[in-house]
Each structure stands twice: as structure tokens, then as C-alpha cells.
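Asker: What follows is a single structure, and I will ask about it in a moment.
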Amino acid sequence: MSGYVKTVKIPIHYDTTNKKLSYLDNLTARQTYAVQLFCDKLNEEGIVPKNRAEVREFSDYVREETGLSAGFIQQVEDKVLWMYKQYKRSHDKWEWSMDNAKEGTRWYIKLEEREPSVPNPKKSNNKVPTPFDNRTGEVQRTDSLDLTEWVVHISTLKKGNTIDVLVNPSDWHEEQLEEAENLKTFEIVHHPERECEYMVHIVCEYQSDTVQTGSVCGVDLGIKRDLSAVLIDNNGVQQFTILQNHKAERLKELDDRIAHLRREEKYEVLKKLRNKRERVAEDYDRKLAKQFAELLPDGTTVFFGNPRDIRYNKYKGNGDKVGRKLLQHWSFGRIIDQCVLKLNETGKNGEKITEWNTSKLHYRCGKQVERPYNNSFQRIRCSTCDDELDAEFNASVNIAVKGISQYSDKSIEPNTFWQNMAGATDDIARTGDDLEAKIQ
Ligand SMILES: [Zn+2]
């Protein structure tokens with residue numbers, strides 16, 4: 001069994017009284033103030049917290065200043081930690097871009113100005129929502145009200161006091177809430193631009209009905225071939241599939257235009273185009289995920305390599321110049337997330353495996369492979385047993401093997417797996433290109 005989560009955003013009821021609204025104003029302002037105090041302290045001391053303990057050092061102080069209860073304070077800690085993790089991620093990305101920009105160019109100067117700054121709510125002047133969980137609130141279903149069936153029940157700042165805030169879900173919202181296995185946490189988010197003023201963002205957890213068919217699938221992501229997958233069941237390799245959706249060509253086109261605009265220093269158009277690139281990429285990823293999920297039998301467990309490893313080990317310095325340039329905004333992580341979501345929605349499992357450095361090793365004997373082989377990055381040759389095979393086929397099987405060993409409770413026994421893999425490989429790898437499926 002596996003689960004997935006979705007955030008459902010529902011406006012609060014238009015009939016909410018002014019008294020309740022002013023209460024929400026007060027509460028969210030207090031939460032924002034608490035976030036602010038944490039940020040002030042952390043920024044003063046130059047700490048970018050990596051764990052809870054580093055945030056918690058200031059909790060007593062914040063509790064005293066704001067008068068919030070321990071439950072609220074812990075939720076603020078969660079939020080603060082999350083904010084700094086986001087900051088760290090975007091700062092790393094920025095550093096990477098700086099390393100790759102040429103010093104002294106206008107682009108470099110522009111980029112320099114764009115350094116992500118540390119979290120500081122005061123600066124943006126927006127309210128910062130913090131999550132409520134079972135210590136401070138609950139989303140409840142009720143049939144005692146005429147206006148709505150759903151209410152959000154929250155603690156007030158006075159001990160033991162609670163209030164009910166009515167929400168106004170659409171049919172779709174209701175369906176999502178009813179199907180959820182568990183309503184995990186929610187945030188009360190200020191939307192001054194909307195008439196409702198506040199919305200409740202509810203994190204819903206779903207369980208997918210998985211049927212154990214005993215198949216596993218190893219997935220290797222790439223740029224020339226967007227997604228290569230090997231499907232294995234108790235009878236050995238069933239399918240080697242390559243999905244290509246021409247995302248690379250389309251993004252290359254956009255990149256060329258971006259490069260041109262950068263030379264012309266047209267920064268306004270540039271900004272718009274960069275957003276467009278992001279949207280186009282996301283759209284391709286979603287389609288790829290859908291196509292892939294639909295190809296697999298119900299109950300398949302799919303393993304994906306760790307995107308970080310793909311980025312740093314696979315392409316750096318392997319001579320694939322086009323690949324390296326495109327990688328900057330490629331986001332294997334997002335492709336995997338999309339696939340996992342689609343798989344879960346269609347009754348399959350998706351798992352990321354944490355350790356993967358085997359695109360260079362022959363899956364059968366574990367020894368180094370030659371790549372490129374015969375002037376082709378697509379083919380590899382094992383240095384030890386002389387087997388020649390498709391590079392992505394080898395990588396996908398390696399990922400499946402790692403997955404099987406890391407999730408040993410899953411349906412395939414490693415021993416059976418190896419028995420059935422014995423004679424299965426090369427032919428299927430060679431016919432792999434014939435099975436290629438294309439997405440429009
Ligand atoms: Zn070998």
C-alpha cells in the first residue's frame with residue numbers, strides 16, 4: 001500500500017461573521033509575528049537551520065513574546081524550518097548559476113542582484129500561514145448546519161476555547177475531502193484579493209488501492225530519451241520501453257531565444273519567456289507521467305533513481321555538451337514527482353531509491369562498462385564479460401535491482417529475480433527501439 005497527498009484549497013464561507021473574521025485576523029497576525037521573531041533571531045545570528053533543534057533554541061523567547069501555546073509554537077517551528085529549507089535550495093541553485101556565468105558580463109551583474117535573501121516576512125509584508133494540526137485544529141464534517149457540511153474547528157488563543165469557521169466547498173472539493181483517508185494539516189491563508197479574504201488549504205492524504213501483481217519497473221530518466229523503463233515480473237523482463245516526448249527540442253528552441261534576448265539585453269521579454277519555459281517544461285512532464293503510468297499493469301512498483309545522482313554523476317564530464325546545458329532547468333525531481341502522483345492515482349506505486357551510482361556498472365556482474373562504446377552513448381560494453389547492451393536498459397535494470405533490495409518486503413524475491421534474468425537480456429535490449437512509444 002502506498003499513499004499520496006494533495007492540497008485542497010477551499011474559501012471560507014461568505015457568511016462568516018465579522019467577529020470570526022477579526023478573530024482570524026488576530027490569530028494569523030500573531031502567527032506571522034511569531035514567524036518573524038524566529039527569522040529575526042536566526043538572521044541576527046546568521047543561522048540557516050537544518051533541523052528542529054536549531055529553531056527550537058528560540059522557542060521560549062517567541063512563546064513569551066507572542067503568548068502562543070506550545071502547540072501553536074511547534075507549528076510555527078515547522079513553518080520556519082520549511083522556509084529556511086526552501087531558501088537553502090534556491091540559494092544553492094543561484095550559486096550554481098553564478099558559477100556558470102561569465103564574470104563581468106551584464107548577465108553576471110543581473111544574476112548577482114538576484115541572490116535569494118534569507119526569509120523575512122517583514123519585507124514582503126504578507127501574512128505567513130502556519131500549519132494547524134490535531135493539537136490546534138481539525139477539519140470536521142457536520143450535519144447540524146444548514147449552510148455547509150464542513151467546518152474548521154480551531155483553538156483560540158485562550159486556553160480551552162475553540163471556534164468553528166465554516167467553509168464553502170464546491171462539489172469537487174467535497175469529493176476530495178470525502179475520498180481522503182486522512183486530513184493531515186491545514187493552513188488558514190489570507191487572500192485579501194479575494195472576496196472571501198481567507199482560504200483554508202487542507203493537506204489530504206489518500207491511499208491507493210494496489211493490487212499485488214508482482215511486477216516491478218526500473219526507470220532511468222534522460223534527455224535524449226526522456227524515460228526508459230524496464231518492466232520485470234516473476235518470469236523475467238517483460239518489456240523495455242522508451243518514451244520520448246521531444247521536450248528537449250522544444251526547450252532548446254526556447255533556450256536559443258532566451259540567449260538571443262540576453263545578448264540584446266531585453267530583460268522584460270526575457271522574464272516572460274523564462275516563465276513560459278517553465279510552464280512548457282511542466283506541461284511536457286505531466287504528459288510524460290500520464291503516458292507512462294497508463295502503460296503499466298495495476299499494482300506495479302516503480303523505482304526511480306535519485307535525481308541528484310542523475311544530475312551530478314551521469315552527465316557531468318561525460319562529453320554530452322547539449323545535455324549539460326539543458327540540465328540547468330530540467331528538473332528530474334519534478335518529473336519523478338509527477339510520475340509518482342500519476343502512478344498512485346492509477347493504482348501503482350512509485351518509489352525513489354536513495355542510492356544509485358550504477359549507470360557505469362554492468363547490472364549482471366557489477367563491473368565497469370565502457371561508455372561510449374562504438375562511438376555511441378547509447379551502447380555500452382562490459383569490460384569483464386564482454387556483453388554489449390543498451391545503456392539505458394542496463395541502468396533501468398540496475399535501478400530495479402536496487403529497488404528490490406531496498407524494499408525487500410515487496411513482491412519480488414531477489415533470488416527468483418536473478419534466476420529469471422539469466423537469459424533474458426540482450427535480445428530485448430536490442431529490440432528496445434522497436435517498442436518506442438511516442439507522445440504527441
Ligand atoms: Zn559484465
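To be explicit about the labels: the chains of the C-alpha cells are called A, B, and onward in the order shown, and within each one the residues are counted from 1, while ligands get numbers from 1 in the order they are shown.
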Output the neighbourhood of ligand 1 as a VMD selection string, that is, all protein and nucleic acid residues with some atom at most 9 Å from the ligand, counting only C-alpha atoms and all ligand atoms.

Answerer: chain A and resid 361 to 369 381 to 388

Asker: Stretch 52-246 of chain A: which residues are strand (DSSP E or B) by DSSP, as an MDAnalysis selection string?

Answerer: chainID A and resid 131:132 137:141 150:155 162:167 182:191 197:208 216:221 227:233 236:244

Asker: Would you mind telling me which residue in A:Thr7, A:Asn234, A:Ser155, A:Asn275 lies nearest to A:Leu68 when using only C-alpha atoms?

Answerer: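 Of A:Thr7, A:Asn234, A:Ser155, A:Asn275, the one nearest A:Leu68 is A:Ser155, counting only C-alpha atoms.
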
Asker: Please run DSSP on the backbone and report, as a PyMOL selection string, all residues within stretch 212-375 of chain A that come out as alpha helix (DSSP H).

Answerer: chain A and resi 247-264+267-295+307-309+321-327+332-345

Asker: Would you pick out the contacts of A:His201 at 10 Å or less, using only C-alpha atoms, so that residues sharing its chain but fewer than 3 positions from it are not included, and give the list as a compact mmCIF listing (two decimals) with N, CA and C atoms, in the first residue's frame?

Answerer:
# COMPACT_ATOMS: atom_id res chain seq x y z
N LYS A 6 -2.39 15.60 -1.44
CA LYS A 6 -2.83 16.69 -2.31
C LYS A 6 -3.28 17.82 -1.41
N THR A 7 -3.12 19.07 -1.86
CA THR A 7 -3.64 20.18 -1.07
C THR A 7 -4.94 20.68 -1.70
N VAL A 8 -5.99 20.71 -0.92
CA VAL A 8 -7.29 21.19 -1.40
C VAL A 8 -7.54 22.56 -0.79
N LYS A 9 -7.82 23.55 -1.65
CA LYS A 9 -7.95 24.93 -1.17
C LYS A 9 -9.40 25.38 -1.23
N ILE A 10 -9.96 25.66 -0.08
CA ILE A 10 -11.39 25.98 0.00
C ILE A 10 -11.61 27.35 0.64
N PRO A 11 -12.42 28.20 0.02
CA PRO A 11 -12.68 29.51 0.63
C PRO A 11 -13.53 29.36 1.89
N PRO A 129 1.17 31.97 6.58
CA PRO A 129 0.32 30.95 7.19
C PRO A 129 1.17 29.86 7.84
N PRO A 131 0.93 25.91 9.64
CA PRO A 131 0.01 24.77 9.61
C PRO A 131 -0.65 24.49 10.96
N THR A 185 -3.04 18.19 7.79
CA THR A 185 -2.90 19.50 8.43
C THR A 185 -3.62 20.50 7.54
N PHE A 186 -3.81 21.71 8.05
CA PHE A 186 -4.37 22.75 7.19
C PHE A 186 -3.75 24.09 7.56
N GLU A 187 -3.85 25.02 6.62
CA GLU A 187 -3.37 26.37 6.88
C GLU A 187 -4.51 27.33 6.58
N ILE A 188 -4.55 28.41 7.35
CA ILE A 188 -5.53 29.46 7.06
C ILE A 188 -4.77 30.57 6.35
N VAL A 189 -5.08 30.74 5.08
CA VAL A 189 -4.27 31.60 4.24
C VAL A 189 -5.04 32.86 3.88
N TYR A 198 -10.18 34.83 3.40
CA TYR A 198 -9.36 33.71 3.84
C TYR A 198 -9.73 32.43 3.10
N CYS A 204 -4.56 16.74 2.21
CA CYS A 204 -5.31 15.49 2.29
C CYS A 204 -4.41 14.33 1.90

Asker: Just want the 12 Å neighbourhood of A:Asp15, counted on only C-alpha atoms, with same-chain residues fewer than 6 positions away dropped. Output as a VMD selection string.

Answerer: chain A and resid 21 146 to 148 165 to 168 195 to 197

Asker: Hey, which of A:Gly305, A:Gly218, A:Gly137, A:Pro119 ends up closest to A:Lys41? Count only C-alpha atoms.

Answerer: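 So, comparing all the options, the nearest one is A:Pro119.
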
Asker: Report, in Å to a single decimal, how far apart atom CA of A:Lys85 and atom CA of A:Glu205 are.

Answerer: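 Going from atom CA of A:Glu205 over to atom CA of A:Lys85, I get 22.7 Å.
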
Asker: What separation in Å, quoted to one decimal, exists between atom CA of A:Ile399 and atom CA of A:Gly236?

Answerer: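 These two atoms are separated by 15.1 Å.
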
Asker: Show me, as an NGL selection string, the residues that have an atom within 9 Å of A:Ala101 when counting only C-alpha atoms, minus same-chain residues fewer than 6 positions from it.

Answerer: :A and (107-108 or 111)

Asker: Would you save the residues from that selection as a compact mmCIF listing (two decimals), in the first residue's frame, using N, CA and C atoms?

Answerer:
# COMPACT_ATOMS: atom_id res chain seq x y z
N TRP A 107 24.91 39.98 -17.78
CA TRP A 107 24.13 38.85 -17.25
C TRP A 107 24.60 38.51 -15.84
N TYR A 108 25.93 38.50 -15.68
CA TYR A 108 26.51 38.17 -14.38
C TYR A 108 26.06 39.19 -13.32
N LEU A 111 22.46 38.70 -12.48
CA LEU A 111 22.32 37.49 -11.66
C LEU A 111 22.74 37.77 -10.22

Asker: Might you pull out every residue within 10 Å of A:Ala395, with only C-alpha atoms counted and same-chain residues fewer than 6 positions away left off, and present them as a CSV table (one decimal) with C-alpha atoms, in the first residue's frame?

Answerer:
chain,number,residue,atom,x,y,z
A,218,GLY,CA,13.1,0.3,-13.0
A,219,VAL,CA,13.1,3.8,-14.6
A,220,ASP,CA,16.0,5.7,-16.0
A,221,LEU,CA,15.5,9.4,-16.9
A,228,SER,CA,13.4,4.4,-20.2
A,229,ALA,CA,11.7,1.7,-18.3
A,230,VAL,CA,12.2,-2.0,-17.8
A,305,GLY,CA,16.9,6.8,-9.3
A,356,TRP,CA,22.2,4.8,-7.1
A,357,ASN,CA,25.6,5.1,-8.8
A,358,THR,CA,25.4,2.2,-11.2
A,359,SER,CA,24.9,3.7,-14.6
A,360,LYS,CA,28.6,2.9,-15.0
A,361,LEU,CA,28.3,-0.8,-13.8
A,362,HIS,CA,27.1,-3.8,-15.7
A,363,TYR,CA,23.9,-4.9,-14.0
A,401,VAL,CA,17.7,-4.3,-8.6

Asker: Looking at only C-alpha atoms, which of A:Ser331, A:Leu295, A:Ala180, A:Gln140 is the one that sits closest to A:Lys93?

Answerer: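 Looking at the shortest contact to A:Lys93, the residue is A:Ser331.
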
Asker: From the set A:Thr105, A:Gln75, A:Gln176, A:Thr32, which residue has the shortest atom-to-atom contact distance to A:Lys127, counting only C-alpha atoms?

Answerer: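 Closest to A:Lys127 of all the choices is A:Thr32.
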
Asker: Using only C-alpha atoms, which residues sit within 7 Å of A:Thr130 once same-chain residues fewer than 2 positions away are excluded, as a VMD selection string?

Answerer: chain A and resid 31 75 to 76 79 128 132 187

Asker: Suppose you want the space between atom CA of A:Val152 and atom CA of A:Asp133; what is it in Å?

Answerer: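 Atom CA of A:Asp133 lies at a distance of 11.3 Å from atom CA of A:Val152.
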
Asker: From the list A:Val35, A:Leu296, A:Ile163, A:Ala281, which residue is nearest A:Thr346 when using only C-alpha atoms?

Answerer: A:Leu296
